[in-house]
Amino acid sequence: MIDRLSRAGTESQLLLTIKQLDRSKFEPYLCLLDGNDDESQALLPDNCPTWCLGIRRLVSPRAIQQGWKFWNLLRQHRIGVVQTFFPDSTRFAAPLAKAAGVRQVVGSRRNIGHWMTARDKRIARFYNQWFIDKIVANCEAARQAVIEQENAKPDQVVVVHNAIDLERFKDIAPWTPKPAGVPRKVGMVGNLRPVKGPDLFIHAAALVLHEIPDTTFEIAGGGDQAPYQRIIDSLGISDQVKLLGSVDDIPSFLATLDVAVLPSRAEGCSNALLEYMAAGRPIVATDVGGNSIALGHLAPQTCITSENVNGIATRILDYLCRSDVAREIAEGSADLVLASQSCVPLADLYSLRH
């Protein structure tokens, strides 16, 4: 159960879960709280039944009507496990699932709660006590955040790291340094939201361009471009820094990069970081959430404290000027990505009884 589908990280993880579930053991259904927009409809999986409830406000006559429909669907199809993503879907589905006799209700936490207000925390504590059997966190930092912020019991929260479809990256050539005189490209994958730090990337780009003027910088991610284009224009770097909008083929984009940057202010287990690693790129990442855990022994060479624009720029310059260091990170990150995959099979999680 999720609000709607998009090409963002959580939604992509859910679709990958549906794709990979063992059909001899599980029969998945996907329910969207709203989901009638064009993007959601285009992303609906063809390998499981889907329900779109068309609910845009939880307090509305339609929500009451569709709540009754959802309860009946759970009963009719004898649903045994409901897993929810995002607050609205959880608040809608968890009580109805319990009322319908669903055996296991699983919540999700995929960040460290940077967005939560005091009201959000109070509601989450109530739900965790009465409606949620287990909570899936995608890294230990997210697990600890649930325990501290939502008063979840430690044994109620299970870590299942993000998965990644490595087949998508199998055709990417290993990283090699560009010949002298060939411009280099630095990029990031992330929606244009403050938490993802696109402004930090742009300011770091300006510092790098002062030293290596022919470098190009690109951001692949949807969102409101206007505030970030204003920053680019104010710095006078519009010819070198481009906002690409949403990019469908992320592996092909990453294959063009000499350095991949993750300047986030907060993360759980970052899909973008795992994609950088799978693509075998030299990585600069902020030390937030589960980033340093995913990068393992490479973390001291790759991780920068959050908000540290100078540190990001310095590390990018280090990779651009020292191919030996860049190659070490590129090869090491590709080797590490397998270790970042989940060690807790979802089949086992869905079979748990509280």
# chains A, B, ... in the order shown; residues from 1 in each chain; ligands from 1
$ closest_atom_pairs --of "range 87-116 of chain A" --to "range 58-80 of chain A" --cutoff "12 Å" --atoms "only C-alpha atoms" --output "tab-separated table"
residue	atom	partner	partner_atom	distance
A:Pro87	CA	A:Leu58	CA	10.8
A:Asp88	CA	A:Leu58	CA	7.3
A:Ser89	CA	A:Leu58	CA	9.1
A:Thr90	CA	A:Leu58	CA	10.9
A:Arg91	CA	A:Leu58	CA	8.4
A:Phe92	CA	A:Leu58	CA	7.0
A:Ala93	CA	A:Gly67	CA	8.1
A:Ala94	CA	A:Trp71	CA	10.5
A:Pro95	CA	A:Trp71	CA	9.7
A:Leu96	CA	A:Trp71	CA	5.9
A:Ala97	CA	A:Trp71	CA	6.9
A:Lys98	CA	A:Trp71	CA	9.4
A:Ala99	CA	A:Trp71	CA	7.7
A:Ala100	CA	A:Trp71	CA	5.9
A:Gly101	CA	A:Arg75	CA	7.7
A:Val102	CA	A:Gly80	CA	5.1
A:Arg103	CA	A:Gly80	CA	5.4
A:Gln104	CA	A:Gly80	CA	6.4
A:Val105	CA	A:Gly80	CA	8.6
A:Val106	CA	A:Gly80	CA	11.0
$ write_last_selection --atoms "all heavy atoms" --output "tab-separated table (two decimals), in the first residue's frame"
chain	number	residue	atom	x	y	z
A	87	PRO	N	3.21	8.05	5.37
A	87	PRO	CA	2.25	8.25	6.47
A	87	PRO	C	0.79	8.12	6.08
A	87	PRO	O	0.01	7.46	6.77
A	87	PRO	CB	2.58	9.67	6.94
A	87	PRO	CG	4.01	9.87	6.60
A	87	PRO	CD	4.21	9.14	5.30
A	88	ASP	N	0.36	8.75	4.98
A	88	ASP	CA	-1.07	8.70	4.65
A	88	ASP	C	-1.54	7.29	4.38
A	88	ASP	O	-2.61	6.88	4.83
A	88	ASP	CB	-1.36	9.59	3.43
A	88	ASP	CG	-1.46	11.07	3.80
A	88	ASP	OD1	-1.38	11.39	5.01
A	88	ASP	OD2	-1.60	11.89	2.88
A	89	SER	N	-0.75	6.52	3.63
A	89	SER	CA	-1.14	5.14	3.36
A	89	SER	C	-1.19	4.31	4.64
A	89	SER	O	-2.07	3.46	4.81
A	89	SER	CB	-0.17	4.50	2.36
A	89	SER	OG	-0.34	5.06	1.08
A	90	THR	N	-0.25	4.57	5.54
A	90	THR	CA	-0.24	3.84	6.81
A	90	THR	C	-1.46	4.20	7.65
A	90	THR	O	-2.13	3.32	8.20
A	90	THR	CB	1.05	4.15	7.58
A	90	THR	OG1	2.18	3.75	6.79
A	90	THR	CG2	1.08	3.42	8.92
A	91	ARG	N	-1.74	5.48	7.74
A	91	ARG	CA	-2.86	5.93	8.56
A	91	ARG	C	-4.20	5.41	8.02
A	91	ARG	O	-5.12	5.13	8.78
A	91	ARG	CB	-2.86	7.46	8.65
A	91	ARG	CG	-1.66	7.99	9.44
A	91	ARG	CD	-1.48	9.49	9.30
A	91	ARG	NE	-0.23	9.91	9.91
A	91	ARG	CZ	0.25	11.15	9.86
A	91	ARG	NH1	-0.44	12.10	9.23
A	91	ARG	NH2	1.40	11.45	10.44
A	92	PHE	N	-4.29	5.29	6.71
A	92	PHE	CA	-5.51	4.77	6.11
A	92	PHE	C	-5.60	3.25	6.25
A	92	PHE	O	-6.62	2.71	6.69
A	92	PHE	CB	-5.56	5.15	4.62
A	92	PHE	CG	-6.71	4.53	3.87
A	92	PHE	CD1	-7.96	5.12	3.89
A	92	PHE	CD2	-6.54	3.36	3.13
A	92	PHE	CE1	-9.02	4.56	3.20
A	92	PHE	CE2	-7.59	2.80	2.43
A	92	PHE	CZ	-8.83	3.40	2.47
A	93	ALA	N	-4.54	2.55	5.87
A	93	ALA	CA	-4.63	1.11	5.68
A	93	ALA	C	-4.45	0.28	6.95
A	93	ALA	O	-5.09	-0.77	7.09
A	93	ALA	CB	-3.58	0.66	4.64
A	94	ALA	N	-3.59	0.70	7.87
A	94	ALA	CA	-3.26	-0.15	9.02
A	94	ALA	C	-4.48	-0.48	9.88
A	94	ALA	O	-4.72	-1.66	10.19
A	94	ALA	CB	-2.15	0.47	9.84
A	95	PRO	N	-5.30	0.50	10.30
A	95	PRO	CA	-6.47	0.13	11.11
A	95	PRO	C	-7.46	-0.75	10.36
A	95	PRO	O	-8.04	-1.67	10.94
A	95	PRO	CB	-7.09	1.49	11.47
A	95	PRO	CG	-6.01	2.48	11.27
A	95	PRO	CD	-5.18	1.96	10.15
A	96	LEU	N	-7.66	-0.46	9.06
A	96	LEU	CA	-8.59	-1.27	8.27
A	96	LEU	C	-8.08	-2.69	8.10
A	96	LEU	O	-8.84	-3.65	8.10
A	96	LEU	CB	-8.80	-0.61	6.91
A	96	LEU	CG	-9.59	0.70	6.93
A	96	LEU	CD1	-9.51	1.39	5.58
A	96	LEU	CD2	-11.04	0.45	7.32
A	97	ALA	N	-6.75	-2.83	7.95
A	97	ALA	CA	-6.17	-4.17	7.83
A	97	ALA	C	-6.40	-4.98	9.10
A	97	ALA	O	-6.77	-6.15	9.05
A	97	ALA	CB	-4.68	-4.07	7.51
A	98	LYS	N	-6.17	-4.36	10.24
A	98	LYS	CA	-6.42	-5.04	11.50
A	98	LYS	C	-7.89	-5.41	11.65
A	98	LYS	O	-8.24	-6.52	12.07
A	98	LYS	CB	-5.97	-4.17	12.67
A	98	LYS	CG	-4.47	-4.17	12.92
A	98	LYS	CD	-4.00	-5.56	13.28
A	98	LYS	CE	-2.52	-5.57	13.61
A	98	LYS	NZ	-2.02	-6.95	13.89
A	99	ALA	N	-8.78	-4.49	11.27
A	99	ALA	CA	-10.22	-4.75	11.37
A	99	ALA	C	-10.66	-5.87	10.44
A	99	ALA	O	-11.62	-6.60	10.73
A	99	ALA	CB	-11.00	-3.48	11.07
A	100	ALA	N	-9.94	-6.03	9.31
A	100	ALA	CA	-10.28	-7.07	8.35
A	100	ALA	C	-9.66	-8.41	8.70
A	100	ALA	O	-9.85	-9.39	7.98
A	100	ALA	CB	-9.83	-6.64	6.96
A	101	GLY	N	-8.90	-8.48	9.79
A	101	GLY	CA	-8.31	-9.73	10.21
A	101	GLY	C	-7.00	-10.08	9.55
A	101	GLY	O	-6.57	-11.24	9.59
A	102	VAL	N	-6.33	-9.08	8.93
A	102	VAL	CA	-5.01	-9.33	8.33
A	102	VAL	C	-4.04	-9.74	9.43
A	102	VAL	O	-3.96	-9.10	10.48
A	102	VAL	CB	-4.51	-8.07	7.59
A	102	VAL	CG1	-3.07	-8.24	7.14
A	102	VAL	CG2	-5.41	-7.77	6.41
A	103	ARG	N	-3.28	-10.81	9.20
A	103	ARG	CA	-2.45	-11.39	10.25
A	103	ARG	C	-1.21	-10.55	10.57
A	103	ARG	O	-0.72	-10.54	11.68
A	103	ARG	CB	-2.02	-12.81	9.86
A	103	ARG	CG	-3.17	-13.79	9.76
A	103	ARG	CD	-2.67	-15.22	9.65
A	103	ARG	NE	-1.78	-15.40	8.51
A	103	ARG	CZ	-2.22	-15.73	7.28
A	103	ARG	NH1	-3.51	-15.80	7.04
A	103	ARG	NH2	-1.36	-15.90	6.30
A	104	GLN	N	-0.67	-9.86	9.54
A	104	GLN	CA	0.59	-9.15	9.72
A	104	GLN	C	0.51	-7.79	9.04
A	104	GLN	O	0.30	-7.70	7.83
A	104	GLN	CB	1.75	-9.97	9.11
A	104	GLN	CG	3.11	-9.32	9.20
A	104	GLN	CD	3.84	-9.68	10.47
A	104	GLN	OE1	3.25	-10.20	11.41
A	104	GLN	NE2	5.12	-9.41	10.52
A	105	VAL	N	0.66	-6.72	9.81
A	105	VAL	CA	0.70	-5.36	9.26
A	105	VAL	C	2.12	-4.83	9.44
A	105	VAL	O	2.62	-4.75	10.57
A	105	VAL	CB	-0.32	-4.43	9.94
A	105	VAL	CG1	-0.23	-3.03	9.34
A	105	VAL	CG2	-1.74	-4.98	9.77
A	106	VAL	N	2.77	-4.49	8.33
A	106	VAL	CA	4.17	-4.10	8.32
A	106	VAL	C	4.28	-2.63	7.89
A	106	VAL	O	3.81	-2.26	6.82
A	106	VAL	CB	4.99	-4.98	7.35
A	106	VAL	CG1	6.46	-4.57	7.35
A	106	VAL	CG2	4.83	-6.45	7.70
$ residues_around --residues "range 220-228 of chain A" --least-positions-apart "5" --cutoff "7 Å" --atoms "only C-alpha atoms" --output "VMD selection string"
chain A and resid 188 to 192 199 243 to 247
$ residues_around --residues "range 149-166 of chain A" --least-positions-apart "4" --cutoff "7 Å" --atoms "only C-alpha atoms" --output "list of chain:residue names"
A:Gln13, A:Lys121, A:Ala124, A:Arg125, A:Asn128, A:Asp133, A:Lys134, A:Ile135, A:Val136, A:Ala137, A:Asn138, A:Cys139, A:Glu140, A:Arg143, A:Ala145, A:Lys170, A:Cys269, A:Asn271, A:Ala278, A:Ser340, A:Gln341, A:Ser342, A:Val344
$ select_by_dssp --residues "range 208-338 of chain A" --states "helix (DSSP H, G or I)" --output "PyMOL selection string"
chain A and resi 208-211+226-235+250-255+271-279+291-302+309-321+323-338
$ atom_distance --atom1 "CA of Pro49 in chain A" --atom2 "CA of Ile18 in chain A"
10.7 Å
$ residues_around --residues "Val309 in chain A" --least-positions-apart "3" --cutoff "8 Å" --atoms "only C-alpha atoms" --output "list in words"
Leu200, Phe201, His203, Ala204, Ile312 and Ala313 of chain A
$ write_last_selection --atoms "all heavy atoms" --output "JSON list (two decimals), in the first residue's frame"
[["chain", "number", "residue", "atom", "x", "y", "z"],
["A", 200, "LEU", "N", 23.90, 22.41, -2.66],
["A", 200, "LEU", "CA", 25.28, 22.13, -2.25],
["A", 200, "LEU", "C", 26.11, 21.67, -3.45],
["A", 200, "LEU", "O", 27.28, 22.06, -3.60],
["A", 200, "LEU", "CB", 25.30, 21.07, -1.15],
["A", 200, "LEU", "CG", 24.47, 21.37, 0.10],
["A", 200, "LEU", "CD1", 24.51, 20.20, 1.06],
["A", 200, "LEU", "CD2", 24.98, 22.64, 0.78],
["A", 201, "PHE", "N", 25.51, 20.83, -4.28],
["A", 201, "PHE", "CA", 26.19, 20.36, -5.49],
["A", 201, "PHE", "C", 26.54, 21.53, -6.40],
["A", 201, "PHE", "O", 27.66, 21.61, -6.93],
["A", 201, "PHE", "CB", 25.27, 19.36, -6.21],
["A", 201, "PHE", "CG", 25.83, 18.82, -7.50],
["A", 201, "PHE", "CD1", 26.72, 17.77, -7.51],
["A", 201, "PHE", "CD2", 25.43, 19.37, -8.72],
["A", 201, "PHE", "CE1", 27.22, 17.26, -8.71],
["A", 201, "PHE", "CE2", 25.92, 18.87, -9.92],
["A", 201, "PHE", "CZ", 26.82, 17.82, -9.91],
["A", 203, "HIS", "N", 26.92, 24.77, -5.63],
["A", 203, "HIS", "CA", 27.96, 25.62, -5.05],
["A", 203, "HIS", "C", 29.33, 24.93, -5.11],
["A", 203, "HIS", "O", 30.36, 25.60, -5.34],
["A", 203, "HIS", "CB", 27.61, 25.98, -3.62],
["A", 203, "HIS", "CG", 26.56, 27.05, -3.52],
["A", 203, "HIS", "ND1", 26.81, 28.37, -3.83],
["A", 203, "HIS", "CD2", 25.26, 26.99, -3.16],
["A", 203, "HIS", "CE1", 25.72, 29.09, -3.66],
["A", 203, "HIS", "NE2", 24.75, 28.29, -3.25],
["A", 204, "ALA", "N", 29.36, 23.61, -4.92],
["A", 204, "ALA", "CA", 30.63, 22.88, -5.06],
["A", 204, "ALA", "C", 31.12, 22.93, -6.50],
["A", 204, "ALA", "O", 32.32, 23.05, -6.76],
["A", 204, "ALA", "CB", 30.45, 21.44, -4.59],
["A", 312, "ILE", "N", 33.19, 18.82, -0.35],
["A", 312, "ILE", "CA", 32.70, 18.15, -1.55],
["A", 312, "ILE", "C", 33.55, 18.56, -2.75],
["A", 312, "ILE", "O", 33.99, 17.70, -3.54],
["A", 312, "ILE", "CB", 31.21, 18.50, -1.79],
["A", 312, "ILE", "CG1", 30.34, 17.91, -0.67],
["A", 312, "ILE", "CG2", 30.74, 17.98, -3.15],
["A", 312, "ILE", "CD1", 28.91, 18.39, -0.69],
["A", 313, "ALA", "N", 33.80, 19.86, -2.89],
["A", 313, "ALA", "CA", 34.59, 20.34, -4.02],
["A", 313, "ALA", "C", 36.01, 19.80, -3.99],
["A", 313, "ALA", "O", 36.56, 19.39, -5.02],
["A", 313, "ALA", "CB", 34.60, 21.87, -4.02]]
$ residues_around --residues "Gly289 in chain A" --least-positions-apart "6" --cutoff "7 Å" --atoms "only C-alpha atoms" --output "list of chain:residue names"
A:Ile112, A:Ala141, A:Ala266, A:Glu267, A:Gly268, A:Cys269
$ write_last_selection --atoms "N, CA and C atoms" --output "compact mmCIF listing (two decimals), in the first residue's frame"
# COMPACT_ATOMS: atom_id res chain seq x y z
N ILE A 112 15.57 9.13 8.20
CA ILE A 112 15.84 9.31 9.63
C ILE A 112 14.88 10.32 10.27
N ALA A 141 20.53 3.33 10.90
CA ALA A 141 20.22 4.70 11.32
C ALA A 141 18.72 4.96 11.30
N ALA A 266 20.07 14.46 4.46
CA ALA A 266 19.55 13.33 5.25
C ALA A 266 19.26 12.19 4.29
N GLU A 267 19.49 10.97 4.75
CA GLU A 267 19.24 9.77 3.96
C GLU A 267 18.88 8.63 4.89
N GLY A 268 18.30 7.60 4.33
CA GLY A 268 18.23 6.32 5.00
C GLY A 268 19.29 5.46 4.35
N CYS A 269 18.84 4.49 3.55
CA CYS A 269 19.74 3.73 2.69
C CYS A 269 19.51 4.25 1.28
$ select_by_dssp --residues "range 152-330 of chain A" --states "strand (DSSP E or B)" --output "number ranges by chain"
A: 157-159, 185-189, 216-220, 241-245, 259-262, 283-286, 303-304
$ atom_distance --atom1 "CA of Ser6 in chain A" --atom2 "CA of Ser40 in chain A"
6.0 Å
$ atom_distance --atom1 "CA of Ser306 in chain A" --atom2 "CA of Ile283 in chain A"
14.8 Å
$ closest_residue --among "A:Arg327, A:Arg168, A:Lys178, A:Arg193" --to "Glu275 in chain A" --atoms "only C-alpha atoms"
A:Arg168
$ closest_residue --among "A:Ala118, A:Ala279, A:Ala294, A:Ile316" --to "Ala206 in chain A" --atoms "only C-alpha atoms"
A:Ile316
